[in-house]
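A.B. asks: One file is attached below, protein_15.csv, containing CSV, C-alpha atoms.
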chain,number,residue,atom,x,y,z
H,50,MET,CA,0.0,0.0,0.0
H,51,THR,CA,1.3,3.4,-0.9
H,52,CYS,CA,1.0,6.5,1.4
H,53,GLU,CA,-1.4,8.0,-1.2
H,54,GLU,CA,-3.7,5.0,-1.0
H,55,PHE,CA,-3.5,5.1,2.8
H,56,ARG,CA,-4.5,8.7,2.8
H,57,ASP,CA,-7.4,8.1,0.4
H,58,ARG,CA,-8.8,5.2,2.3
H,59,PHE,CA,-8.3,6.9,5.6
H,60,GLU,CA,-10.2,9.9,4.4
H,61,GLN,CA,-12.9,7.9,2.7
H,62,GLU,CA,-13.6,5.4,5.5
H,63,ASN,CA,-13.1,8.1,8.2
H,64,PRO,CA,-12.8,5.4,10.9
H,65,ARG,CA,-14.4,6.1,14.3
H,66,PRO,CA,-12.7,5.4,16.7
H,67,LEU,CA,-9.3,5.7,15.2
H,68,ASN,CA,-8.0,2.6,17.0
H,69,GLY,CA,-10.5,0.6,14.9
H,70,LEU,CA,-8.5,1.0,11.7
H,71,PRO,CA,-8.8,-1.9,9.2
H,72,THR,CA,-5.8,-4.3,9.4
H,73,ASP,CA,-4.2,-3.3,6.1
H,74,LEU,CA,-4.2,0.3,7.2
H,75,VAL,CA,-2.8,-0.6,10.6
H,76,GLU,CA,0.0,-2.6,8.9
H,77,HIS,CA,1.0,0.4,6.7
H,78,GLU,CA,0.8,2.8,9.5
H,79,ARG,CA,3.1,0.6,11.6
H,80,LEU,CA,5.8,0.9,9.0
H,81,CYS,CA,5.3,4.5,7.8
H,82,ALA,CA,6.1,7.4,10.1
H,83,ALA,CA,4.4,10.0,7.8
H,84,CYS,CA,1.1,8.1,7.9
H,85,ARG,CA,1.4,7.5,11.6
H,86,ASP,CA,1.7,11.3,12.0
H,87,LEU,CA,-1.5,11.7,9.9
H,88,VAL,CA,-3.4,9.5,12.2
H,89,ARG,CA,-2.1,11.2,15.3
H,90,ASP,CA,-2.9,14.6,13.9
H,91,GLU,CA,-6.5,13.4,13.3
H,92,ALA,CA,-6.7,12.1,16.9
H,93,PHE,CA,-5.4,15.4,18.2
H,94,TRP,CA,-8.1,17.4,16.3
H,95,ARG,CA,-10.9,15.0,17.3
H,96,ARG,CA,-10.0,15.4,21.0
H,97,PHE,CA,-9.8,19.2,20.5
H,98,PHE,CA,-13.2,19.5,18.8
H,99,ALA,CA,-14.8,17.0,21.1
H,100,ALA,CA,-14.6,19.6,23.8
H,101,SER,CA,-17.1,21.8,22.0
H,102,THR,CA,-20.5,21.1,23.3
H,103,ALA,CA,-23.4,21.0,20.8
H,104,SER,CA,-26.5,22.7,22.1
H,105,SER,CA,-30.0,21.8,20.9
H,106,PRO,CA,-33.3,23.5,21.0
H,107,ALA,CA,-35.2,23.2,24.3
H,108,ARG,CA,-38.5,22.9,22.5
H,109,SER,CA,-40.1,22.6,19.1
H,110,LEU,CA,-39.3,25.6,16.9
H,111,TRP,CA,-42.4,25.1,14.8
H,112,PRO,CA,-44.8,27.5,16.7
H,113,GLY,CA,-42.2,30.3,16.2
H,114,VAL,CA,-41.7,29.4,12.5
H,115,LEU,CA,-45.4,29.3,11.9
H,116,SER,CA,-46.0,32.7,13.5
H,117,LYS,CA,-43.2,34.2,11.4
H,118,ILE,CA,-44.7,32.7,8.3
H,119,ARG,CA,-48.1,34.1,9.1
H,120,GLU,CA,-46.6,37.5,10.0
H,121,GLN,CA,-44.9,37.6,6.6
H,122,LEU,CA,-48.0,36.5,4.8
H,123,GLU,CA,-50.0,39.2,6.5
H,124,ARG,CA,-47.4,41.8,5.7
H,125,ARG,CA,-47.4,40.8,2.0
H,126,GLU,CA,-51.2,40.8,2.0
H,127,SER,CA,-51.4,44.2,3.6
H,128,PHE,CA,-48.7,45.5,1.2
H,129,SER,CA,-50.6,44.4,-1.8
H,130,ALA,CA,-53.9,45.6,-0.4
H,131,SER,CA,-52.5,49.1,0.2
H,132,PHE,CA,-50.9,49.0,-3.3
H,133,VAL,CA,-54.3,48.3,-4.8
H,134,LEU,CA,-56.0,51.0,-2.7
H,135,PHE,CA,-53.3,53.5,-3.7
H,136,GLY,CA,-53.7,52.5,-7.3
H,137,ARG,CA,-57.4,52.9,-7.2
H,138,ARG,CA,-57.2,56.4,-5.8
H,139,LEU,CA,-54.6,57.5,-8.3
H,140,ALA,CA,-56.2,55.8,-11.3
H,141,PRO,CA,-57.9,59.0,-12.7
H,142,VAL,CA,-54.6,60.9,-12.4
H,143,PHE,CA,-52.7,58.1,-14.1
H,144,ALA,CA,-55.4,58.0,-16.9
H,145,LEU,CA,-55.1,61.7,-17.5
H,146,LEU,CA,-51.3,61.6,-17.6
H,147,LEU,CA,-51.5,58.7,-20.0
H,148,LEU,CA,-53.8,60.6,-22.3
H,149,VAL,CA,-51.5,63.7,-22.2
H,150,ALA,CA,-48.5,61.5,-23.0
H,151,LEU,CA,-50.4,59.7,-25.8
H,152,GLY,CA,-51.5,63.0,-27.3
H,153,PHE,CA,-48.0,64.5,-27.2
H,154,THR,CA,-46.6,61.4,-28.9
H,155,ILE,CA,-49.2,61.5,-31.7
H,156,TRP,CA,-48.6,65.2,-32.2
H,157,ARG,CA,-44.9,64.8,-32.4
H,158,ALA,CA,-45.0,61.9,-34.7
H,159,ALA,CA,-47.3,63.9,-37.0
H,160,GLY,CA,-44.9,66.8,-37.0
H,161,VAL,CA,-41.9,64.6,-37.9
H,162,GLU,CA,-43.9,63.0,-40.7
H,163,ALA,CA,-44.8,66.3,-42.3
H,164,GLN,CA,-41.2,67.5,-42.1
H,165,ASP,CA,-40.1,64.2,-43.7
H,166,GLY,CA,-42.6,64.7,-46.5
H,167,LEU,CA,-41.2,68.2,-47.3
H,168,THR,CA,-37.6,67.0,-47.3
H,169,MET,CA,-38.5,64.2,-49.8
H,170,ILE,CA,-40.3,66.7,-52.1
H,171,ALA,CA,-37.2,68.9,-52.0
H,172,MET,CA,-34.9,66.0,-52.8
H,173,VAL,CA,-37.1,64.8,-55.7
H,174,GLU,CA,-37.2,68.3,-57.1
H,175,GLU,CA,-33.4,68.7,-56.8
H,176,GLY,CA,-33.0,65.3,-58.6
H,177,ALA,CA,-35.3,66.5,-61.4
H,178,VAL,CA,-33.3,69.7,-61.9
H,179,ARG,CA,-30.0,67.7,-62.1
H,180,LEU,CA,-31.5,65.3,-64.7
H,181,ASP,CA,-32.7,68.2,-66.7
H,182,SER,CA,-29.3,69.8,-66.8
H,183,LEU,CA,-27.7,66.4,-67.7
H,184,ALA,CA,-30.0,66.1,-70.6
H,185,GLU,CA,-29.1,69.6,-71.8
H,186,GLU,CA,-25.4,69.5,-71.3
H,187,PRO,CA,-24.1,66.0,-70.6
H,188,ASP,CA,-20.5,66.6,-71.6
H,189,ALA,CA,-20.1,69.7,-69.5
H,190,LEU,CA,-21.4,67.9,-66.5
H,191,LEU,CA,-19.1,64.9,-67.1
H,192,GLU,CA,-16.1,67.1,-67.6
H,193,SER,CA,-16.9,69.0,-64.4
H,194,TRP,CA,-17.0,65.6,-62.5
H,195,LEU,CA,-13.8,64.4,-64.1
H,196,GLY,CA,-12.1,67.7,-63.5
H,197,ALA,CA,-13.1,67.4,-59.8
H,198,ASP,CA,-11.6,63.9,-59.7
H,199,ARG,CA,-8.3,65.0,-61.3
H,200,GLN,CA,-7.8,67.8,-58.9
L,87,MET,CA,-42.5,13.4,23.3
L,88,LYS,CA,-45.7,15.0,22.0
L,89,ILE,CA,-43.9,16.7,19.1
L,90,MET,CA,-42.1,13.6,17.9
L,91,SER,CA,-45.3,11.5,18.2
L,92,SER,CA,-47.1,13.9,15.8
L,93,LEU,CA,-44.3,13.4,13.3
L,94,PRO,CA,-44.9,10.7,10.7
L,95,HIS,CA,-42.1,8.1,10.8
L,96,PRO,CA,-41.7,6.7,7.3
L,97,GLU,CA,-39.5,3.6,6.7
L,98,PRO,CA,-35.9,4.7,5.7
L,99,SER,CA,-36.5,3.6,2.1
L,100,ALA,CA,-39.6,5.7,1.9
L,101,GLU,CA,-38.1,8.7,3.8
L,102,ALA,CA,-37.0,10.5,0.6
L,103,ASP,CA,-40.4,10.0,-1.0
L,104,ALA,CA,-42.2,11.3,2.1
L,105,GLU,CA,-39.9,14.3,2.2
L,106,ARG,CA,-40.6,15.1,-1.4
L,107,GLU,CA,-44.3,14.9,-0.7
L,108,TRP,CA,-44.0,17.3,2.3
L,109,ILE,CA,-42.0,19.7,0.1
L,110,ARG,CA,-44.6,19.5,-2.6
L,111,LYS,CA,-47.5,20.2,-0.2
L,112,SER,CA,-45.6,23.0,1.5
L,113,ARG,CA,-45.0,24.6,-1.9
L,114,GLU,CA,-48.7,24.5,-2.5
L,115,GLY,CA,-48.9,26.7,0.6
L,116,ASP,CA,-49.9,24.2,3.2
L,117,PRO,CA,-47.7,25.1,6.2
L,118,GLN,CA,-48.8,22.0,8.2
L,119,PHE,CA,-46.6,19.8,6.0
L,120,TYR,CA,-43.8,22.2,6.4
L,121,ARG,CA,-44.0,21.4,10.1
L,122,PHE,CA,-42.7,17.9,9.4
L,123,LEU,CA,-39.6,19.3,7.7
L,124,VAL,CA,-39.0,21.8,10.5
L,125,GLU,CA,-39.3,19.1,13.2
L,126,ARG,CA,-37.1,16.7,11.3
L,127,TYR,CA,-34.2,19.2,10.8
L,128,GLN,CA,-34.5,21.7,13.6
L,129,ALA,CA,-32.0,20.1,15.9
L,130,ARG,CA,-29.3,19.9,13.2
L,131,ILE,CA,-29.8,23.4,12.0
L,132,TYR,CA,-30.0,24.8,15.6
L,133,ARG,CA,-26.7,23.0,16.5
L,134,LEU,CA,-25.0,24.4,13.4
L,135,VAL,CA,-26.2,27.9,13.9
L,136,ALA,CA,-25.2,27.7,17.6
L,137,ARG,CA,-21.7,26.6,16.7
L,138,PHE,CA,-21.3,29.8,14.7
L,139,LEU,CA,-23.0,32.3,16.9
L,140,GLU,CA,-22.5,31.3,20.5
L,141,PRO,CA,-21.5,32.7,22.9
L,142,GLU,CA,-21.8,36.2,21.4
L,143,HIS,CA,-25.3,35.8,20.1
L,144,GLY,CA,-28.2,35.8,22.4
L,145,ASP,CA,-31.1,34.3,20.5
L,146,ILE,CA,-30.2,31.3,18.5
L,147,GLU,CA,-33.8,30.1,18.3
L,148,ASP,CA,-34.9,33.3,16.6
L,149,VAL,CA,-32.2,33.0,14.0
L,150,VAL,CA,-33.1,29.3,13.3
L,151,GLN,CA,-36.8,30.2,13.0
L,152,GLU,CA,-35.8,32.9,10.5
L,153,VAL,CA,-33.8,30.3,8.5
L,154,PHE,CA,-36.9,28.0,8.3
L,155,THR,CA,-39.2,30.9,7.5
L,156,LYS,CA,-36.9,32.1,4.7
L,157,ALA,CA,-36.7,28.5,3.3
L,158,PHE,CA,-40.5,28.3,3.3
L,159,PHE,CA,-40.9,31.3,1.2
L,160,SER,CA,-38.0,30.2,-1.1
L,161,LEU,CA,-39.3,26.7,-1.7
L,162,GLY,CA,-40.4,27.7,-5.2
L,163,ARG,CA,-36.7,28.1,-6.0
L,164,PHE,CA,-35.6,24.8,-4.5
L,165,ARG,CA,-34.9,22.7,-7.6
L,166,GLU,CA,-34.2,19.4,-5.8
L,167,ASP,CA,-30.8,18.9,-7.4
L,168,SER,CA,-29.6,18.5,-3.9
L,169,SER,CA,-31.4,17.2,-0.8
L,170,PHE,CA,-33.6,19.5,1.3
L,171,VAL,CA,-31.2,19.2,4.2
L,172,THR,CA,-28.2,20.4,2.1
L,173,TRP,CA,-30.3,23.3,0.8
L,174,ILE,CA,-31.4,24.4,4.2
L,175,THR,CA,-27.9,24.0,5.6
L,176,ARG,CA,-26.7,26.4,3.0
L,177,ILE,CA,-29.4,28.9,4.0
L,178,ALA,CA,-28.4,28.5,7.6
L,179,ILE,CA,-24.8,29.0,6.9
L,180,ASN,CA,-25.4,32.1,4.8
L,181,ARG,CA,-27.5,33.5,7.7
L,182,ALA,CA,-24.8,32.7,10.2
L,183,LYS,CA,-22.2,34.2,7.9
L,184,ASP,CA,-24.2,37.4,7.8
L,185,GLU,CA,-23.9,37.5,11.6
L,186,LEU,CA,-20.2,36.7,11.5
L,187,LYS,CA,-19.5,39.5,9.0
L,188,LYS,CA,-20.7,42.0,11.7
L,189,ARG,CA,-17.6,41.1,13.7
L,190,SER,CA,-14.0,41.5,12.4
L,191,ASN,CA,-11.6,38.6,12.3
L,192,ARG,CA,-9.2,38.7,15.1
L,193,ASN,CA,-6.6,36.1,14.2
L,194,THR,CA,-5.8,35.6,17.8
L,195,LEU,CA,-7.7,34.2,20.8
L,196,GLY,CA,-8.9,37.6,21.8
L,197,GLU,CA,-8.6,37.9,25.6
L,198,PRO,CA,-5.4,36.4,27.1
L,199,VAL,CA,-5.6,32.7,28.1
L,200,GLU,CA,-5.7,32.1,31.8
L,201,PRO,CA,-2.3,30.7,32.9
L,202,GLU,CA,-3.9,27.7,34.7
L,203,TRP,CA,-5.6,26.7,31.5
L,204,ILE,CA,-2.4,26.0,29.7
L,205,GLU,CA,-1.4,22.7,31.5
L,206,GLU,CA,-5.0,21.6,31.7
L,207,VAL,CA,-5.6,22.0,28.0
L,208,LYS,CA,-2.2,20.6,27.0
L,209,ASP,CA,-2.8,17.6,29.2
L,210,HIS,CA,-6.1,16.9,27.5
L,211,VAL,CA,-5.2,17.3,23.9
L,212,GLN,CA,-1.7,15.9,23.9
L,213,GLN,CA,-1.6,12.1,24.0
L,214,SER,CA,0.9,9.5,24.4
L,215,ASP,CA,1.5,7.2,21.4
L,216,ASP,CA,-1.9,5.7,21.4
L,217,LYS,CA,-4.8,6.9,19.2
L,218,GLU,CA,-7.4,7.0,21.9
L,219,GLU,CA,-9.8,9.8,21.2
L,220,GLU,CA,-12.0,9.7,24.2
L,221,LYS,CA,-10.9,11.2,27.5
L,222,PRO,CA,-13.2,11.4,30.5
L,223,GLU,CA,-14.4,14.9,30.5
L,224,PRO,CA,-12.9,17.8,28.5
L,225,PRO,CA,-12.0,20.6,30.8
L,226,GLY,CA,-14.2,23.7,30.6
L,227,ALA,CA,-11.2,25.7,29.7
L,228,LEU,CA,-10.9,23.7,26.5
L,229,ARG,CA,-14.5,24.3,25.6
L,230,THR,CA,-13.9,28.1,25.8
L,231,LEU,CA,-10.7,27.7,23.9
L,232,VAL,CA,-12.3,25.9,21.0
L,233,ASP,CA,-15.0,28.5,20.7
L,234,ARG,CA,-12.5,31.3,20.8
L,235,ALA,CA,-10.1,29.7,18.4
L,236,LEU,CA,-12.9,29.1,15.9
L,237,ALA,CA,-14.1,32.7,16.3
L,238,ALA,CA,-10.6,33.8,15.3
L,239,LEU,CA,-10.7,31.9,12.0
L,240,PRO,CA,-11.6,33.6,8.7
L,241,GLU,CA,-15.3,32.9,7.9
L,242,ARG,CA,-14.8,30.5,5.0
L,243,LEU,CA,-12.3,28.4,6.9
L,244,ARG,CA,-14.5,28.4,9.9
L,245,VAL,CA,-17.5,27.0,7.9
L,246,VAL,CA,-15.4,24.1,6.6
L,247,VAL,CA,-14.0,23.2,10.0
L,248,THR,CA,-17.4,23.4,11.6
L,249,LEU,CA,-19.0,21.2,9.0
L,250,LYS,CA,-16.2,18.7,8.8
L,251,ASP,CA,-14.8,18.4,12.3
L,252,MET,CA,-17.8,19.2,14.4
L,253,GLU,CA,-20.8,18.1,12.3
L,254,GLY,CA,-19.0,15.2,10.6
L,255,LEU,CA,-20.0,16.0,7.0
L,256,SER,CA,-17.9,14.4,4.2
L,257,TYR,CA,-15.9,16.6,1.8
L,258,GLN,CA,-18.5,15.8,-0.8
L,259,GLU,CA,-21.4,17.0,1.3
L,260,ILE,CA,-19.6,20.2,2.3
L,261,GLY,CA,-18.9,20.8,-1.4
L,262,GLU,CA,-22.6,20.6,-2.1
L,263,VAL,CA,-23.5,22.9,0.7
L,264,MET,CA,-20.8,25.5,-0.2
L,265,LYS,CA,-21.2,25.0,-3.9
L,266,CYS,CA,-17.5,24.4,-4.5
L,267,SER,CA,-15.4,21.4,-5.5
L,268,VAL,CA,-14.1,18.7,-3.2
L,269,GLY,CA,-10.6,19.9,-3.9
L,270,THR,CA,-11.4,23.4,-2.7
L,271,VAL,CA,-13.0,22.0,0.4
L,272,LYS,CA,-10.0,19.9,1.2
L,273,SER,CA,-7.6,22.8,0.7
L,274,ARG,CA,-9.7,25.1,2.9
L,275,HIS,CA,-9.8,22.3,5.6
L,276,ASN,CA,-6.1,22.0,5.6
L,277,ARG,CA,-5.6,25.7,5.7
L,278,ALA,CA,-8.1,26.0,8.6
L,279,ARG,CA,-6.3,23.4,10.7
L,280,LYS,CA,-2.9,25.0,9.9
L,281,LYS,CA,-4.3,28.4,11.0
L,282,LEU,CA,-5.9,27.0,14.1
L,283,ARG,CA,-2.5,25.4,15.1
L,284,GLU,CA,-0.9,28.8,14.6
L,285,ILE,CA,-3.5,30.5,16.8
L,286,LEU,CA,-3.1,27.9,19.5
L,287,SER,CA,0.7,27.9,19.3
L,288,ALA,CA,0.8,31.6,20.0
L,289,GLU,CA,-0.6,30.8,23.5
L,290,PHE,CA,0.5,27.3,24.2
L,291,GLY,CA,3.8,26.9,22.3
L,292,GLU,CA,4.1,24.0,19.9
L,293,LEU,CA,1.4,21.5,20.7
L,294,ARG,CA,2.6,17.9,20.5
L,295,ARG,CA,0.2,15.7,18.6
Would you encode the structure as structure tokens?

C.D. replies:
Amino acid sequence: MTCEEFRDRFEQENPRPLNGLPTDLVEHERLCAACRDLVRDEAFWRRFFAASTASSPARSLWPGVLSKIREQLERRESFSASFVLFGRRLAPVFALLLLVALGFTIWRAAGVEAQDGLTMIAMVEEGAVRLDSLAEEPDALLESWLGADRQ
Amino acid sequence: MKIMSSLPHPEPSAEADAEREWIRKSREGDPQFYRFLVERYQARIYRLVARFLEPEHGDIEDVVQEVFTKAFFSLGRFREDSSFVTWITRIAINRAKDELKKRSNRNTLGEPVEPEWIEEVKDHVQQSDDKEEEKPEPPGALRTLVDRALAALPERLRVVVTLKDMEGLSYQEIGEVMKCSVGTVKSRHNRARKKLREILSAEFGELRR
């Protein structure tokens, strides 16, 4: 048995008490000082931690848990109830605000659309003028373009 | 006891099924089934929380009740990829950690150790060559010392030591509770013991194993 195998088995089997180790582990421990130290170290910590007393509840905790659950449920219910009440009272104000917002949005959208329409008309008109001049003097226009490229 | 007699006692093979049923019913909003879960695990969770918070904290019961209440309202998020006890242990540890964060880590035993403790404690923890773990009655001084030494550990190391050395959980189980790998748990456990030895050596000199 190697020390690694010993450590793995020792860790996995976690023997309690420590003097009840399986015989093959005992055999390895007898011959190996490092593994002997490992077992002694474990014994030291077990004695150390055994001194810590574990307390336990004196009575059932259920009544306390139930009352906390109910308390929270009531709080949630009262929160949602007050939310509903608040909402009802402010509903007309919200409705009015919504109408104003809606009206403003529609008004703005209409304004943008009208502006977009004017821009398009202008662009079309400009295009028509350019086409007209191209039809009249195509060479002059080409030369002016090529001239601009050359420069 | 009356409490225990009201608790259904399923056969071990059927325990998991019964527990699943209690969880399902509790999820549906029936707290009476949640009662079975509370009464099955209250001792374990109480002991765990007490190990973290005593002696500084006054009301362990209240903290444990909060843990179970929080778990009740979070049951909808419990996906059953781990057991209920692992899940609630995680909630309890997080709650205890919140309490621990309120205090700063000391890295020492705090108040000086009484001189008469030193021999008493050394005599108890140091053994001859045998591996006997049990000694008649640990001295009261050692109890105080364990609590104070643990309180001096950084929180993450303290959680591992508490679960491994005091609650007897395996590395695998601790990994599930802490949502980390077995390797990480082992490394933290080694570091915790090393740190504890340093803390103790500062007062007791080198402790022979």

A.B. asks: Restricting the calculation to all atoms listed in the file: of L:Gly254, L:Gly162, L:Gly269, L:Pro240, which residue gets closest to chain H?

C.D. replies: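 Answer, going by the shortest atom-to-atom distance: L:Gly254.
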
A.B. asks: Give me, as a VMD selection string, the residues of chain H touching chain L, with the criterion being at most 10 Å (counting only C-alpha atoms).

C.D. replies: chain H and resid 60 to 61 63 65 to 69 85 to 119 121 to 122

A.B. asks: Quote the spacing between CA of Gly160 (chain H) and CA of Phe143 (chain H) in Å to one decimal place.

C.D. replies: 25.7 Å

A.B. asks: For CA of Ala102 (chain L) and CA of Ala178 (chain L), quote the distance in Å rounded to one decimal.

C.D. replies: 21.1 Å

A.B. asks: Can you tell me how far CA of Cys84 (chain H) sits from CA of Lys250 (chain L), in Å to one decimal?

C.D. replies: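 Going from CA of Cys84 (chain H) over to CA of Lys250 (chain L), I get 20.3 Å.
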